[in-house]
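Asker: JSON, C-alpha atoms and all ligand atoms, file model32.json:
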[["chain", "number", "residue", "atom", "x", "y", "z"],
["A", 1, "MET", "CA", 88.58, 151.37, 18.51],
["A", 2, "ASP", "CA", 85.53, 152.59, 16.59],
["A", 3, "LEU", "CA", 83.04, 149.72, 16.47],
["A", 4, "GLY", "CA", 81.16, 151.25, 13.55],
["A", 5, "ILE", "CA", 77.75, 151.37, 15.22],
["A", 6, "ALA", "CA", 77.31, 155.09, 15.95],
["A", 7, "GLY", "CA", 73.73, 156.12, 15.24],
["A", 8, "ARG", "CA", 72.35, 152.57, 15.65],
["A", 9, "ARG", "CA", 69.44, 151.98, 18.06],
["A", 10, "ALA", "CA", 69.49, 149.51, 20.94],
["A", 11, "LEU", "CA", 66.97, 148.11, 23.38],
["A", 12, "VAL", "CA", 68.85, 147.16, 26.54],
["A", 13, "CYS", "CA", 66.57, 145.26, 28.91],
["A", 14, "ALA", "CA", 66.90, 145.40, 32.70],
["A", 15, "SER", "CA", 69.50, 148.13, 32.52],
["A", 16, "SER", "CA", 69.18, 150.61, 35.40],
["A", 17, "LYS", "CA", 71.93, 148.76, 37.31],
["A", 18, "GLY", "CA", 74.58, 146.09, 37.04],
["A", 19, "LEU", "CA", 75.46, 144.27, 33.84],
["A", 20, "GLY", "CA", 72.58, 145.65, 31.76],
["A", 21, "ARG", "CA", 73.56, 149.20, 32.71],
["A", 22, "ALA", "CA", 77.18, 148.48, 31.82],
["A", 23, "CYS", "CA", 76.12, 147.24, 28.38],
["A", 24, "ALA", "CA", 74.00, 150.37, 27.83],
["A", 25, "ILE", "CA", 76.93, 152.61, 28.82],
["A", 26, "ALA", "CA", 79.38, 150.77, 26.53],
["A", 27, "LEU", "CA", 76.97, 151.03, 23.60],
["A", 28, "ALA", "CA", 76.23, 154.71, 24.28],
["A", 29, "ALA", "CA", 79.98, 155.36, 24.38],
["A", 30, "GLU", "CA", 80.02, 154.07, 20.78],
["A", 31, "GLY", "CA", 77.30, 156.56, 19.83],
["A", 32, "VAL", "CA", 74.38, 154.11, 19.98],
["A", 33, "HIS", "CA", 70.95, 155.51, 20.96],
["A", 34, "VAL", "CA", 69.60, 153.39, 23.79],
["A", 35, "THR", "CA", 66.25, 152.47, 25.31],
["A", 36, "LEU", "CA", 66.62, 151.35, 28.92],
["A", 37, "THR", "CA", 64.15, 149.35, 31.02],
["A", 38, "ALA", "CA", 63.72, 148.48, 34.70],
["A", 39, "ARG", "CA", 60.89, 148.08, 37.21],
["A", 40, "GLY", "CA", 62.17, 150.75, 39.59],
["A", 41, "GLU", "CA", 61.78, 154.31, 38.35],
["A", 42, "GLN", "CA", 64.45, 156.16, 40.33],
["A", 43, "ALA", "CA", 67.58, 154.19, 39.42],
["A", 44, "LEU", "CA", 66.37, 154.04, 35.82],
["A", 45, "ALA", "CA", 65.98, 157.82, 35.63],
["A", 46, "GLU", "CA", 69.43, 158.32, 37.19],
["A", 47, "THR", "CA", 71.13, 155.93, 34.75],
["A", 48, "ALA", "CA", 69.30, 157.46, 31.79],
["A", 49, "GLU", "CA", 70.34, 160.96, 32.79],
["A", 50, "GLN", "CA", 73.93, 159.93, 33.38],
["A", 51, "ILE", "CA", 74.17, 158.34, 29.92],
["A", 52, "ARG", "CA", 72.51, 161.35, 28.27],
["A", 53, "ARG", "CA", 74.92, 163.75, 29.95],
["A", 54, "SER", "CA", 78.05, 161.67, 29.32],
["A", 55, "TYR", "CA", 77.53, 160.54, 25.73],
["A", 56, "GLY", "CA", 75.01, 162.90, 24.11],
["A", 57, "VAL", "CA", 73.01, 160.04, 22.58],
["A", 58, "GLU", "CA", 69.21, 159.73, 22.63],
["A", 59, "VAL", "CA", 68.12, 157.83, 25.73],
["A", 60, "ARG", "CA", 64.59, 156.54, 26.15],
["A", 61, "GLN", "CA", 63.42, 154.84, 29.31],
["A", 62, "VAL", "CA", 60.59, 152.45, 30.11],
["A", 63, "VAL", "CA", 59.44, 151.52, 33.60],
["A", 64, "GLY", "CA", 58.06, 147.99, 33.59],
["A", 65, "ASP", "CA", 58.62, 144.31, 34.18],
["A", 66, "ILE", "CA", 60.25, 142.94, 31.05],
["A", 67, "THR", "CA", 59.14, 139.41, 31.96],
["A", 68, "THR", "CA", 55.47, 140.30, 31.43],
["A", 69, "PRO", "CA", 53.71, 140.66, 28.06],
["A", 70, "GLN", "CA", 52.74, 144.23, 28.97],
["A", 71, "GLY", "CA", 56.29, 145.15, 29.99],
["A", 72, "ARG", "CA", 57.66, 143.78, 26.73],
["A", 73, "ALA", "CA", 55.01, 145.51, 24.61],
["A", 74, "GLN", "CA", 55.80, 148.87, 26.26],
["A", 75, "ALA", "CA", 59.54, 148.41, 25.83],
["A", 76, "LEU", "CA", 59.18, 147.50, 22.16],
["A", 77, "GLU", "CA", 56.82, 150.41, 21.48],
["A", 78, "VAL", "CA", 59.13, 152.97, 23.07],
["A", 79, "ALA", "CA", 62.29, 151.54, 21.51],
["A", 80, "GLY", "CA", 60.84, 151.40, 17.95],
["A", 81, "ALA", "CA", 62.84, 149.57, 15.27],
["A", 82, "VAL", "CA", 66.07, 148.46, 16.91],
["A", 83, "ASP", "CA", 69.38, 147.29, 15.45],
["A", 84, "ILE", "CA", 70.67, 145.89, 18.72],
["A", 85, "LEU", "CA", 68.82, 143.92, 21.40],
["A", 86, "ILE", "CA", 70.38, 143.10, 24.76],
["A", 87, "ASN", "CA", 68.28, 140.56, 26.62],
["A", 88, "ASN", "CA", 68.52, 140.65, 30.39],
["A", 89, "ALA", "CA", 66.34, 140.19, 33.49],
["A", 90, "GLY", "CA", 66.84, 139.30, 37.11],
["A", 91, "GLY", "CA", 67.93, 135.74, 37.87],
["A", 92, "PRO", "CA", 65.71, 133.17, 39.63],
["A", 93, "PRO", "CA", 66.21, 132.55, 43.37],
["A", 94, "PRO", "CA", 68.44, 129.76, 44.71],
["A", 95, "GLY", "CA", 66.97, 126.74, 46.46],
["A", 96, "ASP", "CA", 66.42, 122.98, 46.53],
["A", 97, "PHE", "CA", 64.53, 121.51, 43.57],
["A", 98, "ARG", "CA", 62.38, 119.47, 45.98],
["A", 99, "ASN", "CA", 60.75, 122.70, 47.10],
["A", 100, "TRP", "CA", 60.06, 124.15, 43.66],
["A", 101, "SER", "CA", 56.52, 124.01, 42.35],
["A", 102, "ARG", "CA", 55.42, 124.06, 38.72],
["A", 103, "ASP", "CA", 54.74, 127.80, 39.20],
["A", 104, "ASP", "CA", 58.34, 128.39, 40.31],
["A", 105, "TRP", "CA", 59.58, 126.68, 37.16],
["A", 106, "ILE", "CA", 57.16, 128.56, 34.90],
["A", 107, "GLN", "CA", 58.29, 131.86, 36.43],
["A", 108, "ALA", "CA", 61.97, 131.06, 35.82],
["A", 109, "ILE", "CA", 61.31, 129.84, 32.29],
["A", 110, "ASP", "CA", 59.19, 132.93, 31.59],
["A", 111, "ALA", "CA", 61.91, 135.31, 32.79],
["A", 112, "ASN", "CA", 65.08, 133.66, 31.56],
["A", 113, "MET", "CA", 63.99, 131.73, 28.48],
["A", 114, "LEU", "CA", 60.65, 132.87, 27.02],
["A", 115, "THR", "CA", 61.13, 136.62, 27.57],
["A", 116, "PRO", "CA", 64.32, 136.78, 25.47],
["A", 117, "ILE", "CA", 62.73, 134.49, 22.86],
["A", 118, "GLU", "CA", 59.66, 136.76, 22.63],
["A", 119, "LEU", "CA", 61.85, 139.84, 22.24],
["A", 120, "ILE", "CA", 63.95, 138.13, 19.58],
["A", 121, "LYS", "CA", 60.73, 137.13, 17.80],
["A", 122, "ALA", "CA", 59.54, 140.74, 17.83],
["A", 123, "THR", "CA", 62.77, 142.24, 16.47],
["A", 124, "VAL", "CA", 64.75, 139.72, 14.42],
["A", 125, "ASP", "CA", 62.76, 139.87, 11.17],
["A", 126, "GLY", "CA", 63.10, 143.66, 10.97],
["A", 127, "MET", "CA", 66.83, 143.35, 11.58],
["A", 128, "MET", "CA", 67.13, 140.75, 8.81],
["A", 129, "GLU", "CA", 65.16, 142.94, 6.38],
["A", 130, "ARG", "CA", 67.46, 145.88, 7.14],
["A", 131, "GLY", "CA", 70.60, 143.72, 6.83],
["A", 132, "PHE", "CA", 72.03, 144.46, 10.27],
["A", 133, "GLY", "CA", 71.27, 143.13, 13.73],
["A", 134, "ARG", "CA", 73.09, 142.20, 16.90],
["A", 135, "ILE", "CA", 71.40, 140.28, 19.69],
["A", 136, "VAL", "CA", 73.21, 139.53, 22.94],
["A", 137, "ASN", "CA", 71.62, 137.48, 25.71],
["A", 138, "ILE", "CA", 73.00, 137.90, 29.21],
["A", 139, "THR", "CA", 72.84, 134.39, 30.64],
["A", 140, "SER", "CA", 75.22, 132.94, 33.25],
["A", 141, "ALA", "CA", 78.41, 130.94, 33.67],
["A", 142, "ALA", "CA", 76.06, 128.45, 35.34],
["A", 143, "VAL", "CA", 74.97, 127.38, 31.84],
["A", 144, "LYS", "CA", 78.47, 125.98, 31.30],
["A", 145, "ALA", "CA", 79.23, 124.85, 34.86],
["A", 146, "PRO", "CA", 75.93, 124.40, 36.72],
["A", 147, "ILE", "CA", 75.60, 125.64, 40.29],
["A", 148, "ASP", "CA", 73.41, 123.17, 42.18],
["A", 149, "VAL", "CA", 71.42, 125.71, 44.23],
["A", 150, "LEU", "CA", 70.66, 127.66, 41.05],
["A", 151, "GLY", "CA", 68.78, 124.81, 39.38],
["A", 152, "LEU", "CA", 66.02, 127.12, 38.11],
["A", 153, "SER", "CA", 68.64, 129.28, 36.42],
["A", 154, "ASN", "CA", 70.63, 126.31, 35.08],
["A", 155, "GLY", "CA", 67.50, 124.84, 33.52],
["A", 156, "ALA", "CA", 65.79, 127.94, 32.12],
["A", 157, "ARG", "CA", 68.94, 129.51, 30.69],
["A", 158, "SER", "CA", 70.04, 126.23, 29.10],
["A", 159, "GLY", "CA", 66.69, 126.14, 27.28],
["A", 160, "LEU", "CA", 67.38, 129.61, 25.86],
["A", 161, "THR", "CA", 70.92, 128.57, 24.91],
["A", 162, "GLY", "CA", 69.64, 125.56, 22.96],
["A", 163, "PHE", "CA", 67.07, 127.64, 21.11],
["A", 164, "VAL", "CA", 69.57, 130.36, 20.22],
["A", 165, "ALA", "CA", 72.09, 127.82, 18.93],
["A", 166, "GLY", "CA", 69.65, 126.89, 16.18],
["A", 167, "LEU", "CA", 68.33, 130.33, 15.28],
["A", 168, "ALA", "CA", 71.75, 132.03, 15.23],
["A", 169, "ARG", "CA", 72.73, 129.94, 12.21],
["A", 170, "LYS", "CA", 69.63, 131.08, 10.31],
["A", 171, "THR", "CA", 69.97, 134.83, 10.85],
["A", 172, "VAL", "CA", 73.69, 135.33, 10.24],
["A", 173, "ARG", "CA", 73.30, 135.21, 6.44],
["A", 174, "ARG", "CA", 71.43, 138.53, 6.76],
["A", 175, "ASN", "CA", 74.12, 139.99, 9.05],
["A", 176, "VAL", "CA", 72.09, 139.38, 12.21],
["A", 177, "THR", "CA", 74.08, 137.64, 14.92],
["A", 178, "ILE", "CA", 72.87, 136.15, 18.19],
["A", 179, "ASN", "CA", 75.32, 135.39, 20.98],
["A", 180, "ASN", "CA", 75.23, 134.73, 24.70],
["A", 181, "LEU", "CA", 77.48, 136.33, 27.31],
["A", 182, "LEU", "CA", 77.95, 134.13, 30.39],
["A", 183, "PRO", "CA", 78.95, 136.18, 33.45],
["A", 184, "GLY", "CA", 80.85, 134.64, 36.32],
["A", 185, "PRO", "CA", 81.05, 136.79, 39.47],
["A", 186, "PHE", "CA", 80.73, 140.51, 38.69],
["A", 187, "ALA", "CA", 80.63, 143.22, 41.34],
["A", 188, "THR", "CA", 76.96, 144.21, 41.09],
["A", 189, "ASP", "CA", 74.09, 144.70, 43.53],
["A", 190, "ARG", "CA", 72.98, 141.14, 42.85],
["A", 191, "LEU", "CA", 76.32, 139.68, 43.95],
["A", 192, "ALA", "CA", 76.19, 141.75, 47.16],
["A", 193, "ALA", "CA", 72.57, 140.70, 47.82],
["A", 194, "VAL", "CA", 73.46, 137.01, 47.44],
["A", 195, "ALA", "CA", 76.35, 137.47, 49.91],
["A", 196, "ARG", "CA", 74.04, 139.20, 52.41],
["A", 197, "GLY", "CA", 71.64, 136.24, 52.13],
["A", 198, "GLN", "CA", 74.47, 133.76, 52.73],
["A", 199, "ALA", "CA", 75.72, 135.86, 55.66],
["A", 200, "ALA", "CA", 72.33, 135.75, 57.35],
["A", 201, "ALA", "CA", 72.24, 131.97, 56.94],
["A", 202, "THR", "CA", 75.82, 131.21, 58.07],
["A", 203, "GLY", "CA", 76.78, 133.86, 60.63],
["A", 204, "VAL", "CA", 79.82, 134.91, 58.56],
["A", 205, "THR", "CA", 79.76, 138.56, 57.46],
["A", 206, "ALA", "CA", 78.91, 139.46, 53.86],
["A", 207, "ASP", "CA", 82.30, 141.18, 53.51],
["A", 208, "GLU", "CA", 84.11, 137.99, 54.53],
["A", 209, "ILE", "CA", 82.06, 135.93, 52.09],
["A", 210, "LEU", "CA", 82.77, 138.37, 49.27],
["A", 211, "GLY", "CA", 86.47, 138.60, 50.15],
["A", 212, "ARG", "CA", 86.83, 134.82, 50.14],
["A", 213, "ARG", "CA", 84.96, 134.46, 46.86],
["A", 214, "ALA", "CA", 87.04, 137.11, 45.14],
["A", 215, "ALA", "CA", 90.29, 135.55, 46.39],
["A", 216, "GLU", "CA", 89.23, 132.11, 45.12],
["A", 217, "ASN", "CA", 88.78, 133.42, 41.57],
["A", 218, "PRO", "CA", 91.90, 132.88, 39.38],
["A", 219, "ALA", "CA", 91.90, 136.66, 38.75],
["A", 220, "GLY", "CA", 91.84, 137.27, 42.53],
["A", 221, "ARG", "CA", 88.90, 139.64, 42.16],
["A", 222, "PHE", "CA", 85.37, 140.05, 40.84],
["A", 223, "GLY", "CA", 84.69, 141.28, 37.34],
["A", 224, "ASP", "CA", 84.08, 144.98, 36.79],
["A", 225, "PRO", "CA", 80.71, 145.51, 35.02],
["A", 226, "ALA", "CA", 82.54, 147.84, 32.60],
["A", 227, "GLU", "CA", 84.54, 144.81, 31.41],
["A", 228, "PHE", "CA", 81.27, 143.04, 30.71],
["A", 229, "GLY", "CA", 79.93, 146.06, 28.83],
["A", 230, "ALA", "CA", 83.04, 146.19, 26.66],
["A", 231, "ALA", "CA", 82.58, 142.55, 25.61],
["A", 232, "CYS", "CA", 78.93, 143.22, 24.83],
["A", 233, "ALA", "CA", 79.76, 146.27, 22.71],
["A", 234, "PHE", "CA", 82.36, 144.26, 20.79],
["A", 235, "LEU", "CA", 79.75, 141.61, 19.90],
["A", 236, "CYS", "CA", 77.47, 144.42, 18.70],
["A", 237, "GLY", "CA", 80.17, 145.95, 16.53],
["A", 238, "ALA", "CA", 79.99, 146.17, 12.74],
["A", 239, "SER", "CA", 83.04, 143.88, 12.46],
["A", 240, "ALA", "CA", 81.57, 141.11, 14.62],
["A", 241, "GLY", "CA", 79.24, 139.80, 11.90],
["A", 242, "PHE", "CA", 81.10, 136.46, 11.68],
["A", 243, "VAL", "CA", 80.54, 135.63, 15.37],
["A", 244, "THR", "CA", 77.19, 133.96, 15.99],
["A", 245, "GLY", "CA", 75.71, 131.25, 18.18],
["A", 246, "GLN", "CA", 78.57, 131.55, 20.64],
["A", 247, "ASN", "CA", 78.61, 131.29, 24.42],
["A", 248, "ILE", "CA", 81.33, 133.53, 25.79],
["A", 249, "VAL", "CA", 82.28, 133.04, 29.43],
["A", 250, "LEU", "CA", 83.54, 136.08, 31.35],
["A", 251, "ASP", "CA", 84.62, 134.70, 34.71],
["A", 252, "GLY", "CA", 88.28, 135.56, 35.35],
["A", 253, "GLY", "CA", 89.20, 131.97, 34.38],
["A", 254, "ALA", "CA", 87.01, 130.29, 37.01],
["A", 255, "TYR", "CA", 85.76, 127.66, 34.55],
["A", 256, "PRO", "CA", 88.56, 125.10, 34.76],
["A", 257, "GLY", "CA", 88.20, 123.32, 31.41],
["A", 258, "THR", "CA", 90.63, 123.56, 28.48],
["A", 259, "LEU", "CA", 87.80, 124.40, 26.05],
["A", 301, "LIG", "P1", 71.57, 143.63, 39.33],
["A", 301, "LIG", "O1", 72.80, 144.36, 39.67],
["A", 301, "LIG", "O2", 70.64, 143.22, 40.42],
["A", 301, "LIG", "O3", 70.77, 144.49, 38.24],
["A", 301, "LIG", "C1", 69.59, 143.98, 37.69],
["A", 301, "LIG", "C2", 68.97, 145.03, 36.80],
["A", 301, "LIG", "O4", 67.88, 144.43, 36.11],
["A", 301, "LIG", "C3", 68.40, 146.21, 37.56],
["A", 301, "LIG", "O5", 68.48, 147.35, 36.73],
["A", 301, "LIG", "C4", 66.95, 145.80, 37.78],
["A", 301, "LIG", "O6", 66.14, 146.92, 38.02],
["A", 301, "LIG", "C5", 66.66, 145.14, 36.43],
["A", 301, "LIG", "N1", 65.60, 144.12, 36.46],
["A", 301, "LIG", "C6", 65.58, 142.99, 37.20],
["A", 301, "LIG", "N2", 64.47, 142.29, 36.95],
["A", 301, "LIG", "C7", 63.78, 142.99, 36.00],
["A", 301, "LIG", "C8", 62.56, 142.79, 35.33],
["A", 301, "LIG", "N3", 61.79, 141.71, 35.58],
["A", 301, "LIG", "N4", 62.15, 143.70, 34.41],
["A", 301, "LIG", "C9", 62.90, 144.80, 34.15],
["A", 301, "LIG", "N5", 64.07, 145.04, 34.77],
["A", 301, "LIG", "C10", 64.51, 144.15, 35.67],
["A", 301, "LIG", "O7", 71.88, 142.24, 38.57],
["A", 301, "LIG", "P2", 73.16, 141.85, 37.66],
["A", 301, "LIG", "O8", 74.23, 141.36, 38.54],
["A", 301, "LIG", "O9", 73.43, 142.93, 36.70],
["A", 301, "LIG", "O10", 72.58, 140.56, 36.91],
["A", 301, "LIG", "C11", 72.00, 140.61, 35.61],
["A", 301, "LIG", "C12", 71.74, 139.18, 35.16],
["A", 301, "LIG", "O11", 72.97, 138.47, 35.11],
["A", 301, "LIG", "C13", 70.83, 138.39, 36.11],
["A", 301, "LIG", "O12", 69.99, 137.54, 35.38],
["A", 301, "LIG", "C14", 71.81, 137.58, 36.92],
["A", 301, "LIG", "O13", 71.24, 136.40, 37.43],
["A", 301, "LIG", "C15", 72.86, 137.29, 35.87],
["A", 301, "LIG", "N6", 74.16, 136.96, 36.47],
["A", 301, "LIG", "C16", 74.84, 137.88, 37.22],
["A", 301, "LIG", "C17", 76.07, 137.52, 37.79],
["A", 301, "LIG", "C18", 76.87, 138.50, 38.63],
["A", 301, "LIG", "O14", 77.87, 138.12, 39.20],
["A", 301, "LIG", "N7", 76.49, 139.75, 38.73],
["A", 301, "LIG", "C19", 76.57, 136.24, 37.59],
["A", 301, "LIG", "C20", 75.88, 135.33, 36.81],
["A", 301, "LIG", "C21", 74.66, 135.70, 36.27],
["A", 301, "LIG", "P3", 64.74, 146.78, 38.85],
["A", 301, "LIG", "O15", 65.02, 145.88, 40.01],
["A", 301, "LIG", "O16", 64.39, 148.18, 39.22],
["A", 301, "LIG", "O17", 63.77, 146.17, 37.88]]
Take the structure in the file and write it out as structure tokens.
Ligand code: NAP

Answerer:
Amino acid sequence: MDLGIAGRRALVCASSKGLGRACAIALAAEGVHVTLTARGEQALAETAEQIRRSYGVEVRQVVGDITTPQGRAQALEVAGAVDILINNAGGPPPGDFRNWSRDDWIQAIDANMLTPIELIKATVDGMMERGFGRIVNITSAAVKAPIDVLGLSNGARSGLTGFVAGLARKTVRRNVTINNLLPGPFATDRLAAVARGQAAATGVTADEILGRRAAENPAGRFGDPAEFGAACAFLCGASAGFVTGQNIVLDGGAYPGTL
């Protein structure tokens, strides 16, 4: 299926690995020119080169922390006027809310709420003037079904979700949509790192923890990042202009509710 976005330009934040990378690949496969960002240079260069070689699109890359004003300014400067913005950053650490200081909260809110809002602020008016824009925020299934140890994530991402719900109804008239993708468990480095952390704390091996978690999912497995990328590309497609302000859960059916 041709999504009708070949030649468009996208800024895909936090995209050297995992879900961000998968979104960049799915967009590039549709002929979208992409700007990638990450803090680590090596994985970013490898992903950029792989996309360039595989899809022949223009790939720009920016090393920097997207959660800082400087990192965002660099990313926006290199990307130029974009038609598509994929907001993503690392998730906050797990823990007990009794141990979190005001600084911990500010850091989580900065990364997972204010950073996407700042990037939307910097790009949405240009998209509206040009009559096309697609913004996708990578949030978490924890927005819909909170995970107690991820309180920082539950709180910060819910703030973003509330903000987006209002704005998405204002921009759609100019063919600019804003939606959130809510990943459940996807097989990425982050998932493996969390399992290694749990293994160290419990004495069970990381492989056992991962095996058990995958088996417990209704799909009997973790999500493949490519499946996430495909959903992201669909939301960015020319024909998806009537979908806005939505929260789409990709979790193999783990969320047990009817709606
Ligand atoms: P991942 O495999 O660890 O990849 C994270 C990517 O983001 C890497 O390219 C990383 O590169 C980059 N990154 C992280 N922090 C950054 C920053 N401050 N500035 C710029 N780049 C940054 O993680 P993932 O699994 O794809 O997760 C992506 C998001 O989805 C996270 O917020 C995570 O909490 C959320 N999520 C994931 C799952 C899952 O199962 N995978 C489930 C629910 C929610 P550098 O480290 O080099 O910067």

Asker: What's the 7 Å shell around Ile5 in chain A, counting all atoms listed in the file, without same-chain residues fewer than 3 positions away, as a ChimeraX atom specification?

Answerer: /A:8,30-32,237-238

Asker: Nearest to ligand LIG 301 (chain A) among A:Pro116, A:Pro146, A:Gly56, A:Pro183, with distances taken over all atoms listed in the file: which residue is it?

Answerer: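 Under the stated criterion, the closest residue is A:Pro183.
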
Asker: Given a cut-off of 9 Å, what residues near ligand LIG 301 (chain A) show up using only C-alpha atoms and all ligand atoms, put as a PyMOL selection string?

Answerer: chain A and resi 13-22+36-44+62-68+71-72+88-93+111-112+138-142+153+182-193+222-223+225+251

Asker: With C-alpha atoms retained, export the selected residues as a JSON list (two decimals), keeping the file's coordinate frame.

Answerer:
[["chain", "number", "residue", "atom", "x", "y", "z"],
["A", 13, "CYS", "CA", 66.57, 145.26, 28.91],
["A", 14, "ALA", "CA", 66.90, 145.40, 32.70],
["A", 15, "SER", "CA", 69.50, 148.13, 32.52],
["A", 16, "SER", "CA", 69.18, 150.61, 35.40],
["A", 17, "LYS", "CA", 71.93, 148.76, 37.31],
["A", 18, "GLY", "CA", 74.58, 146.09, 37.04],
["A", 19, "LEU", "CA", 75.46, 144.27, 33.84],
["A", 20, "GLY", "CA", 72.58, 145.65, 31.76],
["A", 21, "ARG", "CA", 73.56, 149.20, 32.71],
["A", 22, "ALA", "CA", 77.18, 148.48, 31.82],
["A", 36, "LEU", "CA", 66.62, 151.35, 28.92],
["A", 37, "THR", "CA", 64.15, 149.35, 31.02],
["A", 38, "ALA", "CA", 63.72, 148.48, 34.70],
["A", 39, "ARG", "CA", 60.89, 148.08, 37.21],
["A", 40, "GLY", "CA", 62.17, 150.75, 39.59],
["A", 41, "GLU", "CA", 61.78, 154.31, 38.35],
["A", 42, "GLN", "CA", 64.45, 156.16, 40.33],
["A", 43, "ALA", "CA", 67.58, 154.19, 39.42],
["A", 44, "LEU", "CA", 66.37, 154.04, 35.82],
["A", 62, "VAL", "CA", 60.59, 152.45, 30.11],
["A", 63, "VAL", "CA", 59.44, 151.52, 33.60],
["A", 64, "GLY", "CA", 58.06, 147.99, 33.59],
["A", 65, "ASP", "CA", 58.62, 144.31, 34.18],
["A", 66, "ILE", "CA", 60.25, 142.94, 31.05],
["A", 67, "THR", "CA", 59.14, 139.41, 31.96],
["A", 68, "THR", "CA", 55.47, 140.30, 31.43],
["A", 71, "GLY", "CA", 56.29, 145.15, 29.99],
["A", 72, "ARG", "CA", 57.66, 143.78, 26.73],
["A", 88, "ASN", "CA", 68.52, 140.65, 30.39],
["A", 89, "ALA", "CA", 66.34, 140.19, 33.49],
["A", 90, "GLY", "CA", 66.84, 139.30, 37.11],
["A", 91, "GLY", "CA", 67.93, 135.74, 37.87],
["A", 92, "PRO", "CA", 65.71, 133.17, 39.63],
["A", 93, "PRO", "CA", 66.21, 132.55, 43.37],
["A", 111, "ALA", "CA", 61.91, 135.31, 32.79],
["A", 112, "ASN", "CA", 65.08, 133.66, 31.56],
["A", 138, "ILE", "CA", 73.00, 137.90, 29.21],
["A", 139, "THR", "CA", 72.84, 134.39, 30.64],
["A", 140, "SER", "CA", 75.22, 132.94, 33.25],
["A", 141, "ALA", "CA", 78.41, 130.94, 33.67],
["A", 142, "ALA", "CA", 76.06, 128.45, 35.34],
["A", 153, "SER", "CA", 68.64, 129.28, 36.42],
["A", 182, "LEU", "CA", 77.95, 134.13, 30.39],
["A", 183, "PRO", "CA", 78.95, 136.18, 33.45],
["A", 184, "GLY", "CA", 80.85, 134.64, 36.32],
["A", 185, "PRO", "CA", 81.05, 136.79, 39.47],
["A", 186, "PHE", "CA", 80.73, 140.51, 38.69],
["A", 187, "ALA", "CA", 80.63, 143.22, 41.34],
["A", 188, "THR", "CA", 76.96, 144.21, 41.09],
["A", 189, "ASP", "CA", 74.09, 144.70, 43.53],
["A", 190, "ARG", "CA", 72.98, 141.14, 42.85],
["A", 191, "LEU", "CA", 76.32, 139.68, 43.95],
["A", 192, "ALA", "CA", 76.19, 141.75, 47.16],
["A", 193, "ALA", "CA", 72.57, 140.70, 47.82],
["A", 222, "PHE", "CA", 85.37, 140.05, 40.84],
["A", 223, "GLY", "CA", 84.69, 141.28, 37.34],
["A", 225, "PRO", "CA", 80.71, 145.51, 35.02],
["A", 251, "ASP", "CA", 84.62, 134.70, 34.71]]

Asker: Skip Cys236 in chain A itself and residues of its chain fewer than 2 positions away, then list as a count of residues only all residues within 12 Å of it, counting all atoms listed in the file.

Answerer: 46

Asker: Calculate how many Å separate CA of Arg173 in chain A from CA of Leu76 in chain A, rounding to one decimal.

Answerer: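 That distance, rounded to one decimal, is 24.4 Å.
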
Asker: Find the smallest box with edges along x, y and z containing every listed atom of range 96-109 of chain A, then add 5 Å on each side and report centre and edge lengths in Å to one decimal, as lines of an AutoDock Vina configuration file.

Answerer:
center_x = 60.6
center_y = 125.7
center_z = 39.7
size_x = 21.7
size_y = 22.4
size_z = 24.8

Asker: Need the shell around Val78 in chain A: protein/DNA/RNA residues with any atom at most 8 Å away, counting only C-alpha atoms. Skip same-chain ones fewer than 4 positions apart. Format as a PyMOL selection string?

Answerer: chain A and resi 35+60-62+74

Asker: So, with only C-alpha atoms as the atoms that count, which of A:Ala254, A:Leu152, A:Ala168, A:Leu160 lies closest to Ile106 in chain A?

Answerer: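 Using only C-alpha atoms, Ile106 in chain A sits closest to A:Leu152.
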
Asker: Suppose you want the space between CA of Ala206 in chain A and CA of Val194 in chain A; what is it in Å?

Answerer: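 One can read the CA of Ala206 in chain A to CA of Val194 in chain A distance as 8.8 Å.
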
Asker: So, with all atoms listed in the file as the atoms that count, which of A:Pro69, A:Gly7, A:Pro94, A:Gly151 lies closest to Thr115 in chain A?

Answerer: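 Going through A:Pro69, A:Gly7, A:Pro94, A:Gly151 one by one, the smallest distance to Thr115 in chain A is for A:Pro69.
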